[in-house]
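Containing mmCIF, C-alpha atoms: model_12.cif.
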data_query
loop_
_atom_site.group_PDB
_atom_site.id
_atom_site.type_symbol
_atom_site.label_atom_id
_atom_site.label_comp_id
_atom_site.auth_asym_id
_atom_site.auth_seq_id
_atom_site.Cartn_x
_atom_site.Cartn_y
_atom_site.Cartn_z
ATOM 1 C CA MET B 1 -2.543 10.086 -14.473
ATOM 2 C CA LEU B 2 0.321 7.784 -13.622
ATOM 3 C CA LYS B 3 3.725 8.511 -15.165
ATOM 4 C CA SER B 4 6.181 7.096 -12.619
ATOM 5 C CA LEU B 5 5.924 4.171 -10.217
ATOM 6 C CA LEU B 6 8.296 3.095 -7.444
ATOM 7 C CA PHE B 7 8.021 -0.618 -6.685
ATOM 8 C CA HIS B 8 9.609 -1.650 -3.413
ATOM 9 C CA VAL B 9 10.740 -5.267 -3.754
ATOM 10 C CA ASP B 10 11.357 -7.045 -0.456
ATOM 11 C CA SER B 11 11.889 -10.656 -1.525
ATOM 12 C CA GLU B 12 10.841 -13.117 -4.196
ATOM 13 C CA ASP B 13 8.016 -14.783 -2.275
ATOM 14 C CA ARG B 14 5.582 -11.939 -3.081
ATOM 15 C CA MET B 15 6.474 -11.421 -6.711
ATOM 16 C CA PRO B 16 3.566 -13.196 -8.465
ATOM 17 C CA CYS B 17 1.161 -10.620 -7.027
ATOM 18 C CA GLY B 18 3.347 -7.528 -7.108
ATOM 19 C CA VAL B 19 4.939 -7.863 -10.533
ATOM 20 C CA GLN B 20 1.722 -8.739 -12.317
ATOM 21 C CA THR B 21 -0.130 -5.700 -10.972
ATOM 22 C CA VAL B 22 2.728 -3.201 -11.182
ATOM 23 C CA VAL B 23 3.763 -4.104 -14.724
ATOM 24 C CA GLU B 24 0.173 -4.000 -15.948
ATOM 25 C CA LEU B 25 -0.355 -0.571 -14.378
ATOM 26 C CA ALA B 26 2.843 0.716 -15.964
ATOM 27 C CA ARG B 27 1.974 -0.748 -19.362
ATOM 28 C CA THR B 28 -1.538 0.717 -19.325
ATOM 29 C CA HIS B 29 -0.373 4.190 -18.302
ATOM 30 C CA ARG B 30 2.940 4.109 -20.195
ATOM 31 C CA ALA B 31 4.615 4.835 -16.888
ATOM 32 C CA ARG B 32 8.229 4.253 -15.937
ATOM 33 C CA VAL B 33 8.932 1.742 -13.151
ATOM 34 C CA ARG B 34 11.816 1.793 -10.721
ATOM 35 C CA GLY B 35 12.369 -1.449 -8.852
ATOM 36 C CA LEU B 36 13.832 -0.641 -5.443
ATOM 37 C CA THR B 37 15.424 -3.052 -2.992
ATOM 38 C CA ILE B 38 16.450 -1.957 0.503
ATOM 39 C CA VAL B 39 18.504 -4.183 2.766
ATOM 40 C CA ASP B 40 17.122 -2.909 6.064
ATOM 41 C CA THR B 41 20.019 -2.534 8.502
ATOM 42 C CA ARG B 42 18.044 -1.325 11.533
ATOM 43 C CA ARG B 43 18.584 -4.588 13.367
ATOM 44 C CA VAL B 44 22.341 -4.302 12.879
ATOM 45 C CA ALA B 45 22.290 -1.033 14.823
ATOM 46 C CA GLN B 46 20.159 -2.631 17.528
ATOM 47 C CA VAL B 47 22.554 -5.553 17.889
ATOM 48 C CA ALA B 48 25.535 -3.199 18.120
ATOM 49 C CA ALA B 49 23.812 -0.965 20.669
ATOM 50 C CA SER B 50 22.907 -3.918 22.889
ATOM 51 C CA CYS B 51 26.574 -5.021 23.052
ATOM 52 C CA GLU B 52 25.649 -8.598 22.157
ATOM 53 C CA SER B 53 28.402 -11.062 21.309
ATOM 54 C CA ALA B 54 30.142 -11.242 17.958
ATOM 55 C CA VAL B 55 28.156 -14.407 17.230
ATOM 56 C CA TYR B 56 24.935 -12.419 16.999
ATOM 57 C CA ALA B 57 26.603 -9.806 14.815
ATOM 58 C CA VAL B 58 27.788 -12.514 12.416
ATOM 59 C CA MET B 59 24.325 -14.107 12.351
ATOM 60 C CA GLU B 60 22.777 -10.751 11.541
ATOM 61 C CA ALA B 61 25.262 -10.129 8.727
ATOM 62 C CA GLU B 62 24.465 -13.550 7.259
ATOM 63 C CA ARG B 63 20.741 -12.825 7.499
ATOM 64 C CA LEU B 64 21.190 -9.590 5.562
ATOM 65 C CA GLU B 65 23.161 -11.344 2.849
ATOM 66 C CA ARG B 66 20.414 -13.953 2.457
ATOM 67 C CA ARG B 67 17.865 -11.173 2.140
ATOM 68 C CA ALA B 68 19.981 -9.381 -0.457
ATOM 69 C CA GLU B 69 20.178 -12.596 -2.481
ATOM 70 C CA ARG B 70 16.419 -13.043 -2.373
ATOM 71 C CA GLN B 71 15.900 -9.444 -3.378
ATOM 72 C CA ASP B 72 18.224 -9.919 -6.352
ATOM 73 C CA THR B 73 16.120 -12.875 -7.481
ATOM 74 C CA ALA B 74 12.984 -10.779 -7.175
ATOM 75 C CA ILE B 75 14.391 -7.773 -8.997
ATOM 76 C CA THR B 76 15.512 -10.019 -11.858
ATOM 77 C CA GLU B 77 11.955 -11.324 -12.178
ATOM 78 C CA LEU B 78 10.665 -7.744 -12.275
ATOM 79 C CA ALA B 79 13.173 -6.804 -14.995
ATOM 80 C CA MET B 80 12.197 -9.785 -17.143
ATOM 81 C CA SER B 81 8.486 -8.979 -16.783
ATOM 82 C CA CYS B 82 9.046 -5.330 -17.714
ATOM 83 C CA LEU B 83 11.077 -6.291 -20.776
ATOM 84 C CA SER B 84 8.411 -8.766 -21.876
ATOM 85 C CA ALA B 85 5.658 -6.128 -21.524
ATOM 86 C CA GLY B 86 7.648 -3.340 -23.136
ATOM 87 C CA VAL B 87 7.687 -1.290 -19.935
ATOM 88 C CA ASP B 88 10.414 1.288 -19.310
ATOM 89 C CA PHE B 89 12.193 0.485 -16.043
ATOM 90 C CA ASP B 90 15.350 0.677 -13.989
ATOM 91 C CA VAL B 91 16.458 -0.747 -10.643
ATOM 92 C CA ARG B 92 18.149 0.627 -7.564
ATOM 93 C CA ARG B 93 19.661 -1.237 -4.612
ATOM 94 C CA LEU B 94 20.125 0.472 -1.236
ATOM 95 C CA ARG B 95 21.230 -0.450 2.283
ATOM 96 C CA GLY B 96 20.176 1.414 5.399
ATOM 97 C CA ASP B 97 17.122 2.371 7.430
ATOM 98 C CA LEU B 98 14.021 1.375 5.494
ATOM 99 C CA MET B 99 11.909 3.983 7.296
ATOM 100 C CA GLU B 100 14.172 6.762 6.087
ATOM 101 C CA LEU B 101 15.147 5.554 2.632
ATOM 102 C CA LEU B 102 11.776 4.532 1.192
ATOM 103 C CA PRO B 103 9.915 7.787 2.053
ATOM 104 C CA ARG B 104 12.855 9.752 0.668
ATOM 105 C CA GLU B 105 12.749 7.869 -2.622
ATOM 106 C CA ALA B 106 8.945 8.109 -2.773
ATOM 107 C CA ARG B 107 8.980 11.900 -3.103
ATOM 108 C CA PHE B 108 9.804 11.667 -6.803
ATOM 109 C CA TYR B 109 7.118 9.198 -7.912
ATOM 110 C CA ASP B 110 3.397 9.336 -8.597
ATOM 111 C CA LEU B 111 2.771 6.034 -6.815
ATOM 112 C CA VAL B 112 4.659 3.735 -4.448
ATOM 113 C CA ALA B 113 3.833 0.024 -4.457
ATOM 114 C CA THR B 114 4.796 -2.662 -1.970
ATOM 115 C CA SER B 115 3.116 -5.775 -0.604
ATOM 116 C CA CYS B 116 2.540 -7.878 2.467
ATOM 117 C CA PRO B 117 0.793 -11.201 3.058
ATOM 118 C CA GLY B 118 -2.844 -11.252 4.045
ATOM 119 C CA PRO B 119 -3.998 -13.109 7.168
ATOM 120 C CA SER B 120 -4.807 -16.206 5.102
ATOM 121 C CA GLU B 121 -1.174 -16.378 3.956
ATOM 122 C CA ALA B 122 0.756 -15.093 6.968
ATOM 123 C CA ASN B 123 1.290 -18.500 8.558
ATOM 124 C CA ASP B 124 2.803 -19.808 5.324
ATOM 125 C CA ARG B 125 5.382 -17.042 5.075
ATOM 126 C CA ASP B 126 8.626 -16.251 6.824
ATOM 127 C CA ALA B 127 7.786 -12.952 8.543
ATOM 128 C CA ASP B 128 11.466 -12.001 8.446
ATOM 129 C CA TRP B 129 11.154 -11.445 4.682
ATOM 130 C CA ASN B 130 8.044 -9.325 4.744
ATOM 131 C CA LEU B 131 7.169 -5.805 5.731
ATOM 132 C CA CYS B 132 4.938 -6.007 8.775
ATOM 133 C CA VAL B 133 1.668 -4.098 8.800
ATOM 134 C CA ARG B 134 2.902 -1.528 11.301
ATOM 135 C CA ASP B 135 5.925 -0.834 9.125
ATOM 136 C CA ILE B 136 3.686 -0.237 6.122
ATOM 137 C CA THR B 137 1.431 2.241 7.902
ATOM 138 C CA GLU B 138 4.470 3.966 9.400
ATOM 139 C CA LEU B 139 5.930 4.363 5.909
ATOM 140 C CA ALA B 140 2.694 6.000 4.785
ATOM 141 C CA LEU B 141 2.727 8.356 7.769
ATOM 142 C CA ARG B 142 6.313 9.320 6.937
ATOM 143 C CA GLY B 143 5.355 10.350 3.434
ATOM 144 C CA ALA B 144 5.502 7.249 1.223
ATOM 145 C CA GLN B 145 2.200 8.184 -0.415
ATOM 146 C CA PRO B 146 0.160 7.361 -2.378
ATOM 147 C CA LEU B 147 0.998 3.841 -1.247
ATOM 148 C CA LEU B 148 -0.457 0.785 -2.957
ATOM 149 C CA VAL B 149 -0.217 -2.262 -0.690
ATOM 150 C CA LEU B 150 -0.648 -5.478 -2.663
ATOM 151 C CA ARG B 151 -1.604 -8.784 -1.082
ATOM 152 C CA GLY B 152 -1.834 -12.437 -2.097
ATOM 153 C CA ALA B 153 -0.323 -14.050 -5.177
ATOM 154 C CA GLY B 154 -2.574 -13.745 -8.208
ATOM 155 C CA GLN B 155 -5.028 -11.380 -6.506
ATOM 156 C CA ARG B 156 -7.283 -9.549 -8.969
ATOM 157 C CA LEU B 157 -8.372 -6.045 -7.998
ATOM 158 C CA GLU B 158 -11.927 -6.087 -9.325
ATOM 159 C CA ARG B 159 -13.948 -4.689 -6.392
ATOM 160 C CA ILE B 160 -12.751 -1.380 -4.957
ATOM 161 C CA LEU B 161 -14.159 0.332 -1.872
ATOM 162 C CA LEU B 162 -13.750 4.100 -1.375
ATOM 163 C CA ALA B 163 -14.082 4.861 2.352
ATOM 164 C CA TYR B 164 -15.184 8.411 3.207
ATOM 165 C CA ASP B 165 -15.900 9.707 6.711
ATOM 166 C CA GLY B 166 -15.803 13.432 5.988
ATOM 167 C CA THR B 167 -12.128 13.942 6.879
ATOM 168 C CA LEU B 168 -9.693 15.746 4.607
ATOM 169 C CA PRO B 169 -7.296 12.757 4.308
ATOM 170 C CA ALA B 170 -10.156 10.517 3.146
ATOM 171 C CA GLU B 171 -11.237 13.148 0.624
ATOM 172 C CA ARG B 172 -7.702 13.489 -0.710
ATOM 173 C CA ALA B 173 -7.221 9.738 -0.962
ATOM 174 C CA ILE B 174 -10.374 9.281 -3.032
ATOM 175 C CA LYS B 175 -9.546 12.223 -5.298
ATOM 176 C CA SER B 176 -5.977 10.980 -5.780
ATOM 177 C CA PHE B 177 -7.175 7.483 -6.634
ATOM 178 C CA LEU B 178 -9.710 8.738 -9.176
ATOM 179 C CA TYR B 179 -7.277 11.177 -10.769
ATOM 180 C CA GLN B 180 -4.727 8.397 -11.279
ATOM 181 C CA GLN B 181 -7.329 6.149 -12.951
ATOM 182 C CA LEU B 182 -5.534 3.037 -11.728
ATOM 183 C CA PHE B 183 -8.160 0.333 -12.313
ATOM 184 C CA PRO B 184 -10.758 1.741 -14.733
ATOM 185 C CA GLN B 185 -12.464 -1.614 -15.328
ATOM 186 C CA ALA B 186 -13.023 -2.371 -11.630
ATOM 187 C CA GLU B 187 -16.358 -2.254 -9.840
ATOM 188 C CA ILE B 188 -16.294 0.651 -7.367
ATOM 189 C CA ARG B 189 -18.428 1.434 -4.341
ATOM 190 C CA LEU B 190 -18.347 4.709 -2.428
ATOM 191 C CA LEU B 191 -18.986 4.163 1.275
ATOM 192 C CA GLY B 192 -20.150 7.034 3.486
ATOM 193 C CA ILE B 193 -19.281 6.524 7.164
ATOM 194 C CA GLY B 194 -20.903 8.458 10.012
ATOM 195 C CA ARG B 195 -21.811 7.964 13.642
ATOM 196 C CA THR B 196 -25.509 8.323 12.823
ATOM 197 C CA GLU B 197 -27.539 7.325 9.780
ATOM 198 C CA GLN B 198 -28.029 10.942 8.763
ATOM 199 C CA ALA B 199 -24.344 11.753 9.174
ATOM 200 C CA ALA B 200 -23.398 8.745 7.048
ATOM 201 C CA LYS B 201 -25.869 9.755 4.332
ATOM 202 C CA ASP B 202 -24.546 13.322 4.389
ATOM 203 C CA ARG B 203 -20.962 12.082 3.960
ATOM 204 C CA LEU B 204 -22.060 9.872 1.089
ATOM 205 C CA GLN B 205 -23.923 12.679 -0.650
ATOM 206 C CA GLU B 206 -21.120 15.243 -0.446
ATOM 207 C CA MET B 207 -18.482 12.903 -1.846
ATOM 208 C CA ALA B 208 -20.857 11.417 -4.448
ATOM 209 C CA GLU B 209 -21.141 14.885 -6.003
ATOM 210 C CA PHE B 210 -17.420 14.686 -6.767
ATOM 211 C CA VAL B 211 -17.181 11.003 -7.650
ATOM 212 C CA LEU B 212 -20.197 10.440 -9.932
ATOM 213 C CA PRO B 213 -19.225 12.914 -12.681
ATOM 214 C CA ARG B 214 -15.920 11.018 -12.938
ATOM 215 C CA ARG B 215 -17.217 7.463 -12.508
ATOM 216 C CA ALA B 216 -20.927 7.353 -13.272
ATOM 217 C CA ASP B 217 -21.083 3.609 -12.603
ATOM 218 C CA VAL B 218 -20.020 3.908 -8.946
ATOM 219 C CA GLU B 219 -22.259 2.122 -6.444
ATOM 220 C CA LEU B 220 -23.290 4.055 -3.322
ATOM 221 C CA GLY B 221 -23.582 2.812 0.249
ATOM 222 C CA PHE B 222 -23.360 4.022 3.815
ATOM 223 C CA VAL B 223 -22.695 2.557 7.247
ATOM 224 C CA CYS B 224 -23.207 3.898 10.776
ATOM 225 C CA GLY B 225 -20.377 3.898 13.307
ATOM 226 C CA THR B 226 -16.743 4.858 13.574
ATOM 227 C CA VAL B 227 -14.255 4.063 10.842
ATOM 228 C CA LYS B 228 -12.348 1.682 13.093
ATOM 229 C CA ALA B 229 -15.449 -0.246 14.153
ATOM 230 C CA SER B 230 -17.270 -0.413 10.839
ATOM 231 C CA LEU B 231 -14.641 -0.632 8.116
ATOM 232 C CA VAL B 232 -13.400 -4.222 8.476
ATOM 233 C CA PRO B 233 -16.914 -5.764 8.685
ATOM 234 C CA TYR B 234 -17.948 -3.821 5.586
ATOM 235 C CA ILE B 235 -14.839 -4.869 3.651
ATOM 236 C CA GLU B 236 -15.700 -8.485 4.405
ATOM 237 C CA LYS B 237 -19.416 -8.040 3.719
ATOM 238 C CA TRP B 238 -18.866 -6.438 0.314
ATOM 239 C CA ASP B 239 -15.890 -8.716 -0.454
ATOM 240 C CA ALA B 240 -13.659 -5.790 -1.423
ATOM 241 C CA ASP B 241 -10.383 -6.502 -3.219
ATOM 242 C CA LEU B 242 -8.964 -3.019 -2.610
ATOM 243 C CA ILE B 243 -9.784 -0.384 0.006
ATOM 244 C CA VAL B 244 -8.971 3.316 -0.525
ATOM 245 C CA LEU B 245 -8.014 4.916 2.803
ATOM 246 C CA GLY B 246 -7.089 8.395 3.970
ATOM 247 C CA MET B 247 -4.153 8.865 6.330
ATOM 248 C CA SER B 248 -3.061 12.230 7.703
ATOM 249 C CA ARG B 249 0.641 13.035 7.921
ATOM 250 C CA ARG B 250 0.098 16.063 10.162
ATOM 251 C CA ASN B 251 -2.736 15.788 12.662
ATOM 252 C CA ARG B 252 -1.680 13.244 15.298
ATOM 253 C CA MET B 253 -5.262 12.424 16.269
ATOM 254 C CA LEU B 254 -6.218 11.674 12.661
ATOM 255 C CA GLN B 255 -3.043 9.655 12.281
ATOM 256 C CA ARG B 256 -4.071 7.501 15.207
ATOM 257 C CA VAL B 257 -7.659 7.036 14.006
ATOM 258 C CA TRP B 258 -6.867 6.301 10.365
ATOM 259 C CA GLY B 259 -3.624 4.527 11.192
ATOM 260 C CA ASN B 260 -5.493 2.061 13.380
ATOM 261 C CA ALA B 261 -8.155 1.604 10.717
ATOM 262 C CA ALA B 262 -5.500 0.837 8.110
ATOM 263 C CA VAL B 263 -3.753 -1.587 10.458
ATOM 264 C CA ASP B 264 -7.023 -3.382 11.139
ATOM 265 C CA ALA B 265 -7.904 -3.583 7.439
ATOM 266 C CA LEU B 266 -4.502 -5.041 6.539
ATOM 267 C CA ARG B 267 -4.313 -7.410 9.504
ATOM 268 C CA GLN B 268 -7.857 -8.736 9.442
ATOM 269 C CA THR B 269 -8.677 -8.875 5.726
ATOM 270 C CA ASN B 270 -6.993 -9.959 2.513
ATOM 271 C CA ALA B 271 -7.905 -6.699 0.753
ATOM 272 C CA ALA B 272 -5.195 -4.629 -0.873
ATOM 273 C CA ALA B 273 -5.015 -0.976 0.162
ATOM 274 C CA TYR B 274 -4.447 2.390 -1.486
ATOM 275 C CA ILE B 275 -3.320 4.787 1.250
ATOM 276 C CA SER B 276 -3.001 8.536 0.757
ATOM 277 C CA GLY B 277 -3.935 11.779 2.430
#
Can you turn what I pasted into structure tokens?
Amino acid sequence: MLKSLLFHVDSEDRMPCGVQTVVELARTHRARVRGLTIVDTRRVAQVAASCESAVYAVMEAERLERRAERQDTAITELAMSCLSAGVDFDVRRLRGDLMELLPREARFYDLVATSCPGPSEANDRDADWNLCVRDITELALRGAQPLLVLRGAGQRLERILLAYDGTLPAERAIKSFLYQQLFPQAEIRLLGIGRTEQAAKDRLQEMAEFVLPRRADVELGFVCGTVKASLVPYIEKWDADLIVLGMSRRNRMLQRVWGNAAVDALRQTNAAAYISG
């Protein structure tokens, strides 16, 4: 179940998607929400280390202040939505290294939510105000898990794909997602992935024995190939709104395999992602 949710708010341009989903999750589960803003100061350190002129330092300071203002607008919108829905919430504002602060805060919550534009929106957004895909997967690898990555404004999460290739992170991600019961009304498909047809069917069968007693209406499917090669085409073929992915925080090889798969899914599709492991 879901009792606490950390919502990382970057700026107001993503709020229609993020607030709607986060507040509804919190209302349904009677969970407490913390809205978190982080003014990421990593570039300030880079400017200082490169010994650039004071002009660049001033420009960077002004950029951070603009971001803080946008974040304040976004956090106000979150607060108003929570009050309207009767959701318990608070807010916290931090400055520092995003890659250190967000994983540290995430340790005390059942779910972390953030968002980034999908490829169909990226050209219409100022990338300076959005977490890039690599940042998001790096946050997951550093421990900000389970991590719910939301996408376009107004996106409805009605078709959910559980990707299972036999690895422990994928198993844990699927179990975590089902235990939290995040979107009980959604259509769900369990996808077994293996290098051969038999391997894919075996993966599907072993995970189906866990999934079906908990969600009897789950659809079953399998695909041959590696996760990296087969996942994006299947997301597009099935028109998934949300993909559940495993990501190891220990084994460097699994990090590379699943990390690349997550990057590809976020970069090449408009699907949201639930990342755990």
Inset, instruction - For the structure provided, state which residues fall under the PyMOL selection byres ((chain B and resi 4) around 10), and present them as number ranges by chain. - result: B: 1-3, 5-7, 26, 29-34, 88-89, 108-112
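Shortest atom-to-atom contact with B:Gly246 among B:Ala79, B:Leu168, B:Val58, B:Met207: B:Leu168, counting all atoms listed in the file.
Going from atom CA of B:Arg42 over to atom CA of B:Leu101, you cover 11.6 Å.
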Restricting to only C-alpha atoms, whichever of B:Arg95, B:Arg142, B:Arg203, B:Arg104 is closest to B:Ala163 is B:Arg203
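Coordinates place atom CA of B:Asp72 at a distance of 9.0 Å from atom CA of B:Arg93.
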| task | Please write the residues picked by the PyMOL selection byres ((chain B and resi 220) around 9) on this file as an MDAnalysis selection string. | result | chainID B and resid 188:192 204 208 218:219 221:222
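If you look at atom CA of B:Pro103 and atom CA of B:Val9, they are 14.3 Å away from each other.
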Once the PyMOL selection byres ((chain B and resi 271) around 12) has been evaluated on this model, what residues remain selected, and can you format them as a VMD selection string? chain B and resid 115 to 120 148 to 152 155 to 161 231 to 232 234 to 245 262 to 270 272 to 274
Go ahead and write the selection's residues with C-alpha atoms as an mmCIF file, in the coordinates of the input.
data_model
loop_
_atom_site.group_PDB
_atom_site.id
_atom_site.type_symbol
_atom_site.label_atom_id
_atom_site.label_comp_id
_atom_site.auth_asym_id
_atom_site.auth_seq_id
_atom_site.Cartn_x
_atom_site.Cartn_y
_atom_site.Cartn_z
ATOM 1 C CA SER B 115 3.116 -5.775 -0.604
ATOM 2 C CA CYS B 116 2.540 -7.878 2.467
ATOM 3 C CA PRO B 117 0.793 -11.201 3.058
ATOM 4 C CA GLY B 118 -2.844 -11.252 4.045
ATOM 5 C CA PRO B 119 -3.998 -13.109 7.168
ATOM 6 C CA SER B 120 -4.807 -16.206 5.102
ATOM 7 C CA LEU B 148 -0.457 0.785 -2.957
ATOM 8 C CA VAL B 149 -0.217 -2.262 -0.690
ATOM 9 C CA LEU B 150 -0.648 -5.478 -2.663
ATOM 10 C CA ARG B 151 -1.604 -8.784 -1.082
ATOM 11 C CA GLY B 152 -1.834 -12.437 -2.097
ATOM 12 C CA GLN B 155 -5.028 -11.380 -6.506
ATOM 13 C CA ARG B 156 -7.283 -9.549 -8.969
ATOM 14 C CA LEU B 157 -8.372 -6.045 -7.998
ATOM 15 C CA GLU B 158 -11.927 -6.087 -9.325
ATOM 16 C CA ARG B 159 -13.948 -4.689 -6.392
ATOM 17 C CA ILE B 160 -12.751 -1.380 -4.957
ATOM 18 C CA LEU B 161 -14.159 0.332 -1.872
ATOM 19 C CA LEU B 231 -14.641 -0.632 8.116
ATOM 20 C CA VAL B 232 -13.400 -4.222 8.476
ATOM 21 C CA TYR B 234 -17.948 -3.821 5.586
ATOM 22 C CA ILE B 235 -14.839 -4.869 3.651
ATOM 23 C CA GLU B 236 -15.700 -8.485 4.405
ATOM 24 C CA LYS B 237 -19.416 -8.040 3.719
ATOM 25 C CA TRP B 238 -18.866 -6.438 0.314
ATOM 26 C CA ASP B 239 -15.890 -8.716 -0.454
ATOM 27 C CA ALA B 240 -13.659 -5.790 -1.423
ATOM 28 C CA ASP B 241 -10.383 -6.502 -3.219
ATOM 29 C CA LEU B 242 -8.964 -3.019 -2.610
ATOM 30 C CA ILE B 243 -9.784 -0.384 0.006
ATOM 31 C CA VAL B 244 -8.971 3.316 -0.525
ATOM 32 C CA LEU B 245 -8.014 4.916 2.803
ATOM 33 C CA ALA B 262 -5.500 0.837 8.110
ATOM 34 C CA VAL B 263 -3.753 -1.587 10.458
ATOM 35 C CA ASP B 264 -7.023 -3.382 11.139
ATOM 36 C CA ALA B 265 -7.904 -3.583 7.439
ATOM 37 C CA LEU B 266 -4.502 -5.041 6.539
ATOM 38 C CA ARG B 267 -4.313 -7.410 9.504
ATOM 39 C CA GLN B 268 -7.857 -8.736 9.442
ATOM 40 C CA THR B 269 -8.677 -8.875 5.726
ATOM 41 C CA ASN B 270 -6.993 -9.959 2.513
ATOM 42 C CA ALA B 272 -5.195 -4.629 -0.873
ATOM 43 C CA ALA B 273 -5.015 -0.976 0.162
ATOM 44 C CA TYR B 274 -4.447 2.390 -1.486
#
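Closest to B:Ile193 among B:Lys228, B:Arg215, B:Lys175, B:Arg92 is B:Lys228, based on all atoms listed in the file.
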Shortest contact to B:Ala170, candidates B:Val227, B:Cys82, B:Asp202, B:Ile75, atoms counted all atoms listed in the file, goes to B:Val227
